[in-house]
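J.: Pasting start-v5.csv below, which is CSV, C-alpha atoms.
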```
chain,number,residue,atom,x,y,z
A,1,MET,CA,136.1,184.3,141.5
A,2,ILE,CA,139.4,185.8,142.5
A,3,THR,CA,138.9,187.8,145.7
A,4,THR,CA,141.7,190.0,147.0
A,5,ARG,CA,142.1,192.8,149.5
A,6,PHE,CA,141.6,195.2,146.6
A,7,THR,CA,138.3,193.8,145.4
A,8,GLU,CA,137.0,193.8,148.9
A,9,ALA,CA,138.1,197.3,149.7
A,10,PHE,CA,136.8,198.8,146.5
A,11,GLY,CA,133.6,196.8,146.1
A,12,ILE,CA,134.3,195.2,142.7
A,13,GLU,CA,134.1,191.6,141.6
A,14,HIS,CA,137.4,191.1,139.7
A,15,PRO,CA,140.9,192.5,140.5
A,16,VAL,CA,141.2,194.1,137.0
A,17,VAL,CA,141.4,197.9,136.7
A,18,GLN,CA,141.4,199.9,133.5
A,19,GLY,CA,144.1,202.5,133.3
A,20,GLY,CA,143.0,206.2,133.2
A,21,MET,CA,144.4,207.1,129.8
A,22,MET,CA,144.3,210.6,128.4
A,23,TRP,CA,141.7,210.9,125.5
A,24,VAL,CA,140.8,207.3,126.1
A,25,GLY,CA,139.1,207.0,129.5
A,26,ARG,CA,135.6,207.9,128.6
A,27,ALA,CA,132.2,206.8,129.7
A,28,GLU,CA,131.7,203.9,127.3
A,29,LEU,CA,135.0,202.2,128.0
A,30,ALA,CA,134.9,202.8,131.8
A,31,ALA,CA,131.3,201.6,132.1
A,32,ALA,CA,132.0,198.4,130.0
A,33,VAL,CA,134.9,197.5,132.3
A,34,SER,CA,132.9,198.1,135.4
A,35,GLU,CA,129.8,196.3,134.1
A,36,ALA,CA,132.0,193.2,133.6
A,37,GLY,CA,133.1,193.3,137.2
A,38,GLY,CA,136.4,195.2,136.9
A,39,LEU,CA,136.9,198.9,137.7
A,40,GLY,CA,136.6,201.3,134.9
A,41,ILE,CA,138.3,204.7,135.1
A,42,ILE,CA,137.2,208.0,133.5
A,43,THR,CA,140.1,210.4,132.8
A,44,ALA,CA,139.2,213.7,134.3
A,45,LEU,CA,141.4,215.9,132.2
A,46,THR,CA,140.1,214.4,128.9
A,47,GLN,CA,137.0,216.5,129.7
A,48,PRO,CA,137.3,220.2,128.7
A,49,THR,CA,135.8,221.5,132.0
A,50,PRO,CA,134.9,220.2,135.4
A,51,HIS,CA,131.2,220.5,134.4
A,52,ASP,CA,131.9,218.2,131.4
A,53,LEU,CA,133.4,215.7,133.9
A,54,VAL,CA,130.1,215.6,135.8
A,55,ARG,CA,128.2,214.9,132.6
A,56,GLU,CA,130.7,212.2,131.6
A,57,VAL,CA,130.2,210.4,135.0
A,58,GLU,CA,126.5,210.7,134.6
A,59,ARG,CA,126.8,209.1,131.1
A,60,ALA,CA,128.7,206.2,132.6
A,61,ARG,CA,126.0,205.8,135.3
A,62,ARG,CA,123.4,205.4,132.6
A,63,LEU,CA,125.4,202.5,131.2
A,64,THR,CA,126.2,200.7,134.5
A,65,ASP,CA,125.2,200.8,138.2
A,66,LYS,CA,128.6,199.4,139.3
A,67,PRO,CA,131.5,201.4,140.7
A,68,VAL,CA,133.3,203.7,138.2
A,69,GLY,CA,136.4,205.6,139.2
A,70,VAL,CA,137.9,208.9,138.0
A,71,ASN,CA,141.6,209.5,137.2
A,72,LEU,CA,143.2,212.9,137.9
A,73,THR,CA,146.9,213.4,136.9
A,74,ILE,CA,148.4,216.3,138.8
A,75,LEU,CA,151.4,217.8,137.2
A,76,PRO,CA,153.3,221.1,137.7
A,77,THR,CA,152.8,223.1,134.5
A,78,ILE,CA,153.1,226.8,133.6
A,79,SER,CA,149.3,227.0,133.2
A,80,PRO,CA,147.9,224.2,135.3
A,81,PRO,CA,144.2,223.1,134.9
A,82,PRO,CA,141.9,223.7,137.9
A,83,TYR,CA,142.7,220.5,139.6
A,84,GLU,CA,140.7,221.1,142.7
A,85,ASP,CA,137.7,222.1,140.6
A,86,TYR,CA,137.9,218.7,138.8
A,87,LEU,CA,138.1,217.0,142.2
A,88,ARG,CA,135.1,218.8,143.5
A,89,ALA,CA,133.3,217.9,140.2
A,90,ALA,CA,134.0,214.3,140.8
A,91,ILE,CA,132.8,214.5,144.3
A,92,ASP,CA,129.6,216.4,143.2
A,93,ALA,CA,129.0,213.6,140.7
A,94,GLY,CA,129.1,211.0,143.5
A,95,VAL,CA,132.3,209.4,142.6
A,96,THR,CA,133.7,207.3,145.4
A,97,ILE,CA,136.9,206.0,143.8
A,98,LEU,CA,139.7,208.4,142.6
A,99,GLU,CA,143.0,207.4,141.0
A,100,THR,CA,145.7,210.1,141.3
A,101,ALA,CA,149.0,210.2,139.5
A,102,GLY,CA,151.8,212.6,139.1
A,103,ALA,CA,152.4,214.9,142.0
A,104,ASN,CA,151.8,214.2,145.7
A,105,PRO,CA,148.0,214.0,146.3
A,106,GLU,CA,148.3,214.9,150.0
A,107,PRO,CA,146.9,218.4,149.7
A,108,PHE,CA,143.6,216.9,148.4
A,109,LEU,CA,143.3,213.9,150.7
A,110,ASP,CA,141.3,215.7,153.5
A,111,LEU,CA,138.7,216.9,151.1
A,112,LEU,CA,138.4,213.4,149.5
A,113,LYS,CA,138.3,211.6,152.7
A,114,ALA,CA,135.6,213.9,154.1
A,115,HIS,CA,133.4,212.8,151.2
A,116,GLY,CA,134.1,209.1,151.5
A,117,VAL,CA,136.3,208.9,148.4
A,118,ARG,CA,138.8,206.1,148.3
A,119,VAL,CA,142.1,207.0,146.7
A,120,ILE,CA,144.5,204.9,144.5
A,121,HIS,CA,147.8,206.6,143.8
A,122,LYS,CA,150.0,205.6,140.9
A,123,CYS,CA,153.7,205.1,141.7
A,124,THR,CA,156.8,203.9,139.9
A,125,SER,CA,158.9,203.0,142.9
A,126,VAL,CA,158.6,201.3,146.3
A,127,ARG,CA,159.8,204.5,148.1
A,128,HIS,CA,157.0,206.5,146.5
A,129,ALA,CA,154.5,203.8,147.3
A,130,LEU,CA,155.5,203.9,150.9
A,131,LYS,CA,155.1,207.6,151.1
A,132,ALA,CA,151.7,207.3,149.5
A,133,GLU,CA,150.8,204.8,152.2
A,134,ARG,CA,152.1,207.1,154.9
A,135,ILE,CA,150.0,210.1,153.8
A,136,GLY,CA,146.8,207.9,153.9
A,137,VAL,CA,145.9,206.7,150.4
A,138,ASP,CA,143.8,203.5,150.3
A,139,ALA,CA,145.8,201.7,147.7
A,140,VAL,CA,148.6,202.2,145.2
A,141,SER,CA,149.3,201.1,141.6
A,142,ILE,CA,152.9,200.1,140.9
A,143,ASP,CA,154.1,200.9,137.4
A,144,GLY,CA,157.0,198.7,136.2
A,145,PHE,CA,159.5,199.8,133.6
A,146,GLU,CA,157.4,198.0,130.9
A,147,CYS,CA,154.5,200.4,131.2
A,148,ALA,CA,153.3,202.9,128.7
A,149,GLY,CA,153.6,206.6,129.7
A,150,HIS,CA,155.9,207.5,132.5
A,151,PRO,CA,157.8,204.6,134.1
A,152,GLY,CA,160.0,206.8,136.3
A,153,GLU,CA,163.7,206.9,136.2
A,154,ASP,CA,164.7,203.7,138.1
A,155,ASP,CA,164.2,201.3,135.2
A,156,ILE,CA,162.9,198.5,137.5
A,157,GLY,CA,160.8,195.8,135.8
A,158,GLY,CA,157.7,194.3,137.4
A,159,LEU,CA,159.3,191.0,138.1
A,160,VAL,CA,161.3,192.7,140.8
A,161,LEU,CA,159.2,195.8,141.6
A,162,ILE,CA,156.0,193.9,142.4
A,163,PRO,CA,157.5,191.6,145.1
A,164,ALA,CA,159.6,194.4,146.4
A,165,ALA,CA,156.5,196.4,147.0
A,166,ALA,CA,154.7,193.4,148.5
A,167,ASP,CA,157.5,193.0,151.1
A,168,ARG,CA,157.1,196.6,152.3
A,169,LEU,CA,153.5,197.7,151.8
A,170,SER,CA,150.6,197.1,154.2
A,171,ILE,CA,147.8,198.6,152.0
A,172,PRO,CA,146.4,196.8,148.8
A,173,PHE,CA,148.3,197.4,145.6
A,174,LEU,CA,147.9,196.8,141.9
A,175,ALA,CA,150.6,195.7,139.5
A,176,SER,CA,150.8,197.7,136.3
A,177,GLY,CA,152.9,197.6,133.2
A,178,GLY,CA,153.5,194.5,130.9
A,179,ILE,CA,150.1,192.9,131.8
A,180,ALA,CA,147.5,192.1,129.1
A,181,ASP,CA,146.0,188.7,130.0
A,182,GLY,CA,145.4,186.0,132.6
A,183,ARG,CA,149.0,185.0,132.7
A,184,GLY,CA,149.9,188.5,133.8
A,185,LEU,CA,147.2,188.6,136.4
A,186,ALA,CA,148.2,185.2,137.8
A,187,ALA,CA,151.8,186.3,137.9
A,188,ALA,CA,151.0,189.5,139.7
A,189,LEU,CA,149.0,187.7,142.3
A,190,ALA,CA,151.8,185.2,142.8
A,191,LEU,CA,154.2,188.0,143.3
A,192,GLY,CA,152.1,189.6,146.0
A,193,ALA,CA,149.9,192.1,144.2
A,194,ASP,CA,146.2,192.4,144.9
A,195,GLY,CA,145.2,193.0,141.3
A,196,VAL,CA,146.3,194.5,138.0
A,197,ASN,CA,145.9,197.8,136.2
A,198,MET,CA,145.9,197.5,132.4
A,199,GLY,CA,146.1,200.4,130.0
A,200,SER,CA,147.4,199.2,126.6
A,201,ARG,CA,145.1,196.2,126.6
A,202,PHE,CA,142.0,198.3,127.1
A,203,LEU,CA,143.3,200.8,124.6
A,204,CYS,CA,142.9,198.0,122.1
A,205,SER,CA,139.2,197.2,122.8
A,206,VAL,CA,136.0,197.7,120.9
A,207,GLU,CA,134.8,200.5,123.3
A,208,SER,CA,138.1,202.4,123.2
A,209,PRO,CA,137.4,205.7,121.5
A,210,VAL,CA,140.5,205.7,119.3
A,211,ALA,CA,140.8,205.1,115.6
A,212,ASP,CA,140.8,201.6,114.2
A,213,ALA,CA,144.3,202.3,112.7
A,214,VAL,CA,145.7,202.7,116.2
A,215,LYS,CA,144.2,199.4,117.4
A,216,GLN,CA,145.5,197.6,114.3
A,217,ARG,CA,149.0,199.0,114.9
A,218,ILE,CA,148.9,197.6,118.4
A,219,VAL,CA,147.8,194.2,117.2
A,220,GLU,CA,150.6,194.2,114.6
A,221,GLY,CA,153.2,195.6,117.1
A,222,SER,CA,156.0,193.8,119.0
A,223,GLU,CA,157.8,194.4,122.2
A,224,LEU,CA,160.4,196.3,120.1
A,225,ASP,CA,158.0,198.9,118.8
A,226,THR,CA,158.2,201.6,121.5
A,227,GLU,CA,160.6,204.5,122.1
A,228,LEU,CA,161.8,206.0,125.4
A,229,ILE,CA,161.7,209.7,125.0
A,230,PHE,CA,162.8,212.5,127.4
A,231,ARG,CA,165.5,210.2,128.9
A,232,THR,CA,168.0,213.0,128.8
A,233,LEU,CA,165.5,215.4,130.5
A,234,GLY,CA,164.9,213.1,133.5
A,235,ASN,CA,161.3,212.7,132.5
A,236,THR,CA,161.2,209.4,130.6
A,237,ALA,CA,158.1,208.4,128.7
A,238,ARG,CA,157.4,205.2,126.8
A,239,VAL,CA,155.5,205.9,123.5
A,240,ALA,CA,154.8,204.1,120.2
A,241,SER,CA,157.7,204.1,117.8
A,242,ASN,CA,156.9,206.3,114.8
A,243,GLU,CA,158.5,209.0,112.8
A,244,VAL,CA,157.8,211.7,115.5
A,245,SER,CA,159.1,209.7,118.5
A,246,ARG,CA,162.2,208.6,116.7
A,247,GLU,CA,162.9,212.2,115.7
A,248,VAL,CA,162.4,213.3,119.3
A,249,VAL,CA,165.0,210.7,120.5
A,250,ARG,CA,167.4,211.8,117.8
A,251,ILE,CA,167.2,215.5,118.7
A,252,LEU,CA,167.5,214.9,122.5
A,253,ASP,CA,170.4,212.4,122.2
A,254,ALA,CA,172.2,215.0,120.1
A,255,GLY,CA,172.0,217.5,123.0
A,256,GLY,CA,168.7,219.3,122.2
A,257,ASP,CA,166.5,220.7,125.0
A,258,PHE,CA,162.8,220.5,125.5
A,259,ALA,CA,162.2,223.6,123.4
A,260,ALA,CA,163.7,221.8,120.5
A,261,VAL,CA,161.0,219.1,120.6
A,262,ARG,CA,158.1,221.0,122.1
A,263,ASP,CA,156.1,221.2,118.8
A,264,LEU,CA,156.7,217.6,118.1
A,265,VAL,CA,155.3,216.3,121.4
A,266,ALA,CA,152.4,218.7,121.7
A,267,GLY,CA,149.3,217.0,123.1
A,268,ALA,CA,147.1,218.2,120.3
A,269,ARG,CA,149.2,216.2,117.9
A,270,GLY,CA,148.9,213.1,119.9
A,271,ARG,CA,145.1,213.6,120.1
A,272,ARG,CA,145.0,213.6,116.3
A,273,VAL,CA,146.6,210.2,116.2
A,274,PHE,CA,143.7,208.8,118.3
A,275,GLU,CA,141.0,210.7,116.6
A,276,GLU,CA,142.1,210.6,113.0
A,277,GLY,CA,144.2,207.5,112.8
A,278,ASP,CA,147.3,209.3,111.4
A,279,LEU,CA,149.9,207.2,113.2
A,280,ASP,CA,152.7,209.7,112.5
A,281,ALA,CA,150.7,212.8,113.5
A,282,GLY,CA,152.3,212.9,117.0
A,283,ILE,CA,153.4,210.8,119.9
A,284,TRP,CA,151.1,208.4,121.5
A,285,SER,CA,151.5,206.0,124.5
A,286,VAL,CA,151.6,202.2,124.3
A,287,GLY,CA,153.5,199.7,126.4
A,288,VAL,CA,155.8,196.8,125.4
A,289,VAL,CA,152.9,194.5,126.2
A,290,GLN,CA,151.5,195.2,122.8
A,291,ALA,CA,153.6,192.1,121.9
A,292,LEU,CA,150.9,190.1,123.7
A,293,ILE,CA,147.9,191.9,122.2
A,294,ARG,CA,146.5,190.1,119.2
A,295,ASP,CA,142.9,191.0,118.9
A,296,VAL,CA,140.3,193.8,119.5
A,297,PRO,CA,137.7,192.3,121.8
A,298,THR,CA,135.1,194.1,123.9
A,299,ALA,CA,136.3,195.5,127.2
A,300,GLY,CA,133.9,193.1,129.0
A,301,GLU,CA,135.5,190.2,127.2
A,302,ILE,CA,138.9,191.3,128.2
A,303,VAL,CA,137.9,191.4,131.9
A,304,ARG,CA,136.2,188.0,131.8
A,305,ARG,CA,138.9,186.3,129.7
A,306,THR,CA,141.7,187.7,131.9
A,307,VAL,CA,140.1,186.4,135.1
A,308,ALA,CA,139.1,183.0,133.6
A,309,ASP,CA,142.6,182.5,132.2
A,310,ALA,CA,144.2,183.5,135.5
A,311,GLU,CA,142.1,181.0,137.4
A,312,ASP,CA,143.1,178.3,134.9
A,313,VAL,CA,146.8,179.2,135.2
A,314,LEU,CA,146.7,179.2,139.0
A,315,ARG,CA,144.7,175.9,139.0
A,316,ARG,CA,147.1,174.1,136.6
A,317,ARG,CA,150.2,175.3,138.4
A,318,ALA,CA,148.8,174.2,141.7
A,319,LEU,CA,148.0,170.7,140.3
A,320,ALA,CA,151.5,170.6,138.8
A,321,VAL,CA,153.1,170.8,142.2
A,322,THR,CA,153.8,167.4,143.7
A,323,PRO,CA,153.9,167.3,147.5
A,324,VAL,CA,157.1,165.8,148.8
```
Turn the structure described in the file into structure tokens.

T.:
Amino acid sequence: MITTRFTEAFGIEHPVVQGGMMWVGRAELAAAVSEAGGLGIITALTQPTPHDLVREVERARRLTDKPVGVNLTILPTISPPPYEDYLRAAIDAGVTILETAGANPEPFLDLLKAHGVRVIHKCTSVRHALKAERIGVDAVSIDGFECAGHPGEDDIGGLVLIPAAADRLSIPFLASGGIADGRGLAAALALGADGVNMGSRFLCSVESPVADAVKQRIVEGSELDTELIFRTLGNTARVASNEVSREVVRILDAGGDFAAVRDLVAGARGRRVFEEGDLDAGIWSVGVVQALIRDVPTAGEIVRRTVADAEDVLRRRALAVTPV
């Protein structure tokens, strides 16, 4: 058993958290991770309405009696979803762990704290993590440059970002990006983190609700098979390399604006990739860590194997150190 400040604060057995991925974080996957002793996350905005979110949490509860969290990504958009309604739905469903990402969660913290909800906020820099700590979140997740999705604009890898965060933060924090096995968990702990958040690894699991073709592409992929899109727009995102993402990079590098790629990056197209298995239907997120993913196990096996391998790595490294 690896016990950390995070496992103790959030009431879980193992310091392994499943990332809250759009179209992926559903009841079956989240419940499987939690049942194995990690922390599974249901993605709120994957559900069409706040009421659907309540029903999804209820479905997860029928599969496990262990803690399951909810992710809510808050982004400024022309027609934003009813974020507060989703938050209240999570509270009404009895959720006690919420992962926030995107914009500053401070406007919602009083409401969440009043209902006993513990908050994990995703960050891509130490300065943002420190601000999250100041406003009162309970933990942060630090995304290194290796991660899928939005790694920020600083381009700092986990090998530096994790210990830099450990030197400054007082609250528990998770390492995220570039982690898919026990070696990554052991390294994260050695660098000062209190656990890990894994997205791409759980994307490629039996319970992940995406087409088998997506999982097979991840298994076959290498660390070279991603693209960084939106670099010129100051909103970098790491996605799988395919016909669409390469075209987006070409257009933007040639001076195009967002309007020129809007149709290519539409969320509905990315959803088709996951649901239909057409790998070139749109953009879809995966990290460089796909280079380390070589099978499609159950989510529970991922949790158990990650922890067991981390324990083995830490034990062998400890034995390898000869006292002077």

J.: Find the residues around region 126-140 of chain A up to 7 Å (all atoms listed in the file counted), leave out those fewer than 4 positions away in its own chain, and share them as a ChimeraX atom specification.

T.: /A:106,118-122,164-165,169,171-174

J.: Identify, on the basis of only C-alpha atoms, every residue whose closest approach to Ala44 (chain A) does not exceed 10 Å; exclude the query and any residue fewer than 6 positions from it along the same chain; express the result as a ChimeraX atom specification.

T.: /A:20-23,25-26,50,52-54,56-57,69-73,83,86-87,89-90,98-99

J.: How about saving the chosen residues, C-alpha atoms kept, as a CSV table (one decimal), in the coordinates of the input?

T.:
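Dumped everything to out.csv:
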```csv
chain,number,residue,atom,x,y,z
A,20,GLY,CA,143.0,206.2,133.2
A,21,MET,CA,144.4,207.1,129.8
A,22,MET,CA,144.3,210.6,128.4
A,23,TRP,CA,141.7,210.9,125.5
A,25,GLY,CA,139.1,207.0,129.5
A,26,ARG,CA,135.6,207.9,128.6
A,50,PRO,CA,134.9,220.2,135.4
A,52,ASP,CA,131.9,218.2,131.4
A,53,LEU,CA,133.4,215.7,133.9
A,54,VAL,CA,130.1,215.6,135.8
A,56,GLU,CA,130.7,212.2,131.6
A,57,VAL,CA,130.2,210.4,135.0
A,69,GLY,CA,136.4,205.6,139.2
A,70,VAL,CA,137.9,208.9,138.0
A,71,ASN,CA,141.6,209.5,137.2
A,72,LEU,CA,143.2,212.9,137.9
A,73,THR,CA,146.9,213.4,136.9
A,83,TYR,CA,142.7,220.5,139.6
A,86,TYR,CA,137.9,218.7,138.8
A,87,LEU,CA,138.1,217.0,142.2
A,89,ALA,CA,133.3,217.9,140.2
A,90,ALA,CA,134.0,214.3,140.8
A,98,LEU,CA,139.7,208.4,142.6
A,99,GLU,CA,143.0,207.4,141.0
```

J.: Find the spatial neighbours of Thr64 (chain A), counting only C-alpha atoms, within a cut-off of 9 Å - ignore same-chain residues fewer than 2 positions away - and output them as a ChimeraX atom specification.

T.: /A:31-32,34-35,60-62,66-68

J.: Would you mind listing, for every residue of region 124-219 of chain A within 8 Å of region 263-286 of chain A, the two atoms forming the shortest contact and the distance between them in Å to one decimal, using all atoms listed in the file, sorted by chain and ascending residue number, as CSV?

T.:
```
residue,atom,partner,partner_atom,distance
A:Cys147,CA,A:Val286,CA,7.7
A:Ala148,CA,A:Val286,CA,4.8
A:Gly149,CA,A:Ser285,CA,5.6
A:Ser200,CA,A:Val286,CA,5.7
A:Pro209,CA,A:Phe274,CA,7.7
A:Val210,CA,A:Phe274,CA,4.6
A:Ala211,CA,A:Gly277,CA,5.0
A:Asp212,CA,A:Gly277,CA,7.0
A:Ala213,CA,A:Gly277,CA,5.2
A:Val214,CA,A:Gly277,CA,6.1
A:Ile218,CA,A:Val286,CA,8.0
```

J.: Work out how far apart CA of Leu159 (chain A) and CA of Gln290 (chain A) are and give it in Å to one decimal.

T.: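 Answer for the CA of Leu159 (chain A) to CA of Gln290 (chain A) separation: 17.7 Å.
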
J.: Can you tell me how far CA of Ser241 (chain A) sits from CA of Ser79 (chain A), in Å to one decimal?

T.: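 These atoms are spaced 28.8 Å apart.
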
J.: Just checking: using all atoms listed in the file, which residue out of A:Val17, A:Leu252, A:Leu314, A:Ala320 ends up closest to Asp194 (chain A)?

T.: A:Val17

J.: Nearest residue to Ala175 (chain A) out of A:Leu111, A:Ala308, A:Ile42, A:Ala187, using all atoms listed in the file?

T.: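 The answer is A:Ala187, which sits nearest to Ala175 (chain A).
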
J.: Just give me the gap between CA of Ala318 (chain A) and CA of Ala190 (chain A) in Å, one decimal is fine.

T.: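 Straight-line distance from CA of Ala318 (chain A) to CA of Ala190 (chain A) works out to 11.5 Å.
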
J.: Identify which of the residues A:Glu207, A:Asp65, A:Glu227, A:Asp295 lies closest to His150 (chain A), counting all atoms listed in the file when measuring atom-to-atom distances.

T.: A:Glu227

J.: Between A:Ile97, A:Ile142, A:Thr232, A:Val24, which has the minimum distance to Ile12 (chain A) (counting only C-alpha atoms)?

T.: A:Ile97

J.: Pick from A:Thr49, A:Asn242, A:Thr3, A:Thr124: nearest to Arg88 (chain A), with all atoms listed in the file counted?

T.: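 Ranking A:Thr49, A:Asn242, A:Thr3, A:Thr124 by distance to Arg88 (chain A), first place goes to A:Thr49.
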
J.: Which is closer to Val248 (chain A) than all the others in A:Ala36, A:Leu233, A:Val219, A:Leu189, using all atoms listed in the file?

T.: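 Closest candidate: A:Leu233.
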
J.: How would region 235-251 of chain A read, as a PDB file, in the coordinates of the input, once N, CA, C and O atoms are built in?

T.:
```
ATOM      1  N   ASN A 235     162.713 212.767 132.499  1.00  0.00           N
ATOM      2  CA  ASN A 235     161.300 212.700 132.500  1.00  0.00           C
ATOM      3  C   ASN A 235     160.813 211.602 131.507  1.00  0.00           C
ATOM      4  O   ASN A 235     159.964 211.848 130.661  1.00  0.00           O
ATOM      5  N   THR A 236     161.396 210.430 131.635  1.00  0.00           N
ATOM      6  CA  THR A 236     161.200 209.400 130.600  1.00  0.00           C
ATOM      7  C   THR A 236     159.753 209.041 130.388  1.00  0.00           C
ATOM      8  O   THR A 236     158.947 208.961 131.313  1.00  0.00           O
ATOM      9  N   ALA A 237     159.429 208.847 129.109  1.00  0.00           N
ATOM     10  CA  ALA A 237     158.100 208.400 128.700  1.00  0.00           C
ATOM     11  C   ALA A 237     158.210 207.349 127.643  1.00  0.00           C
ATOM     12  O   ALA A 237     159.013 207.473 126.723  1.00  0.00           O
ATOM     13  N   ARG A 238     157.406 206.288 127.778  1.00  0.00           N
ATOM     14  CA  ARG A 238     157.400 205.200 126.800  1.00  0.00           C
ATOM     15  C   ARG A 238     156.219 205.487 125.814  1.00  0.00           C
ATOM     16  O   ARG A 238     155.067 205.582 126.248  1.00  0.00           O
ATOM     17  N   VAL A 239     156.529 205.599 124.540  1.00  0.00           N
ATOM     18  CA  VAL A 239     155.500 205.900 123.500  1.00  0.00           C
ATOM     19  C   VAL A 239     155.723 204.950 122.334  1.00  0.00           C
ATOM     20  O   VAL A 239     156.748 204.277 122.218  1.00  0.00           O
ATOM     21  N   ALA A 240     154.734 204.920 121.453  1.00  0.00           N
ATOM     22  CA  ALA A 240     154.800 204.100 120.200  1.00  0.00           C
ATOM     23  C   ALA A 240     156.007 204.617 119.380  1.00  0.00           C
ATOM     24  O   ALA A 240     156.287 205.818 119.316  1.00  0.00           O
ATOM     25  N   SER A 241     156.669 203.688 118.735  1.00  0.00           N
ATOM     26  CA  SER A 241     157.700 204.100 117.800  1.00  0.00           C
ATOM     27  C   SER A 241     157.114 204.515 116.492  1.00  0.00           C
ATOM     28  O   SER A 241     156.397 203.765 115.834  1.00  0.00           O
ATOM     29  N   ASN A 242     157.360 205.762 116.132  1.00  0.00           N
ATOM     30  CA  ASN A 242     156.900 206.300 114.800  1.00  0.00           C
ATOM     31  C   ASN A 242     157.870 207.366 114.390  1.00  0.00           C
ATOM     32  O   ASN A 242     158.900 207.600 115.037  1.00  0.00           O
ATOM     33  N   GLU A 243     157.558 208.027 113.294  1.00  0.00           N
ATOM     34  CA  GLU A 243     158.500 209.000 112.800  1.00  0.00           C
ATOM     35  C   GLU A 243     158.734 210.151 113.793  1.00  0.00           C
ATOM     36  O   GLU A 243     159.863 210.642 113.931  1.00  0.00           O
ATOM     37  N   VAL A 244     157.698 210.542 114.512  1.00  0.00           N
ATOM     38  CA  VAL A 244     157.800 211.700 115.500  1.00  0.00           C
ATOM     39  C   VAL A 244     158.668 211.253 116.661  1.00  0.00           C
ATOM     40  O   VAL A 244     159.594 211.972 117.070  1.00  0.00           O
ATOM     41  N   SER A 245     158.357 210.115 117.287  1.00  0.00           N
ATOM     42  CA  SER A 245     159.100 209.700 118.500  1.00  0.00           C
ATOM     43  C   SER A 245     160.544 209.438 118.198  1.00  0.00           C
ATOM     44  O   SER A 245     161.426 209.766 119.008  1.00  0.00           O
ATOM     45  N   ARG A 246     160.817 208.853 117.049  1.00  0.00           N
ATOM     46  CA  ARG A 246     162.200 208.600 116.700  1.00  0.00           C
ATOM     47  C   ARG A 246     162.970 209.905 116.471  1.00  0.00           C
ATOM     48  O   ARG A 246     164.151 210.033 116.818  1.00  0.00           O
ATOM     49  N   GLU A 247     162.298 210.907 115.911  1.00  0.00           N
ATOM     50  CA  GLU A 247     162.900 212.200 115.700  1.00  0.00           C
ATOM     51  C   GLU A 247     163.180 212.898 117.056  1.00  0.00           C
ATOM     52  O   GLU A 247     164.226 213.533 117.261  1.00  0.00           O
ATOM     53  N   VAL A 248     162.252 212.751 117.993  1.00  0.00           N
ATOM     54  CA  VAL A 248     162.400 213.300 119.300  1.00  0.00           C
ATOM     55  C   VAL A 248     163.665 212.707 119.998  1.00  0.00           C
ATOM     56  O   VAL A 248     164.510 213.422 120.569  1.00  0.00           O
ATOM     57  N   VAL A 249     163.794 211.394 119.925  1.00  0.00           N
ATOM     58  CA  VAL A 249     165.000 210.700 120.500  1.00  0.00           C
ATOM     59  C   VAL A 249     166.241 211.215 119.859  1.00  0.00           C
ATOM     60  O   VAL A 249     167.238 211.496 120.543  1.00  0.00           O
ATOM     61  N   ARG A 250     166.231 211.349 118.547  1.00  0.00           N
ATOM     62  CA  ARG A 250     167.400 211.800 117.800  1.00  0.00           C
ATOM     63  C   ARG A 250     167.849 213.193 118.276  1.00  0.00           C
ATOM     64  O   ARG A 250     169.032 213.442 118.558  1.00  0.00           O
ATOM     65  N   ILE A 251     166.883 214.107 118.368  1.00  0.00           N
ATOM     66  CA  ILE A 251     167.200 215.500 118.700  1.00  0.00           C
ATOM     67  C   ILE A 251     167.729 215.574 120.156  1.00  0.00           C
ATOM     68  O   ILE A 251     168.734 216.256 120.421  1.00  0.00           O
TER      69      ILE A 251
END
```
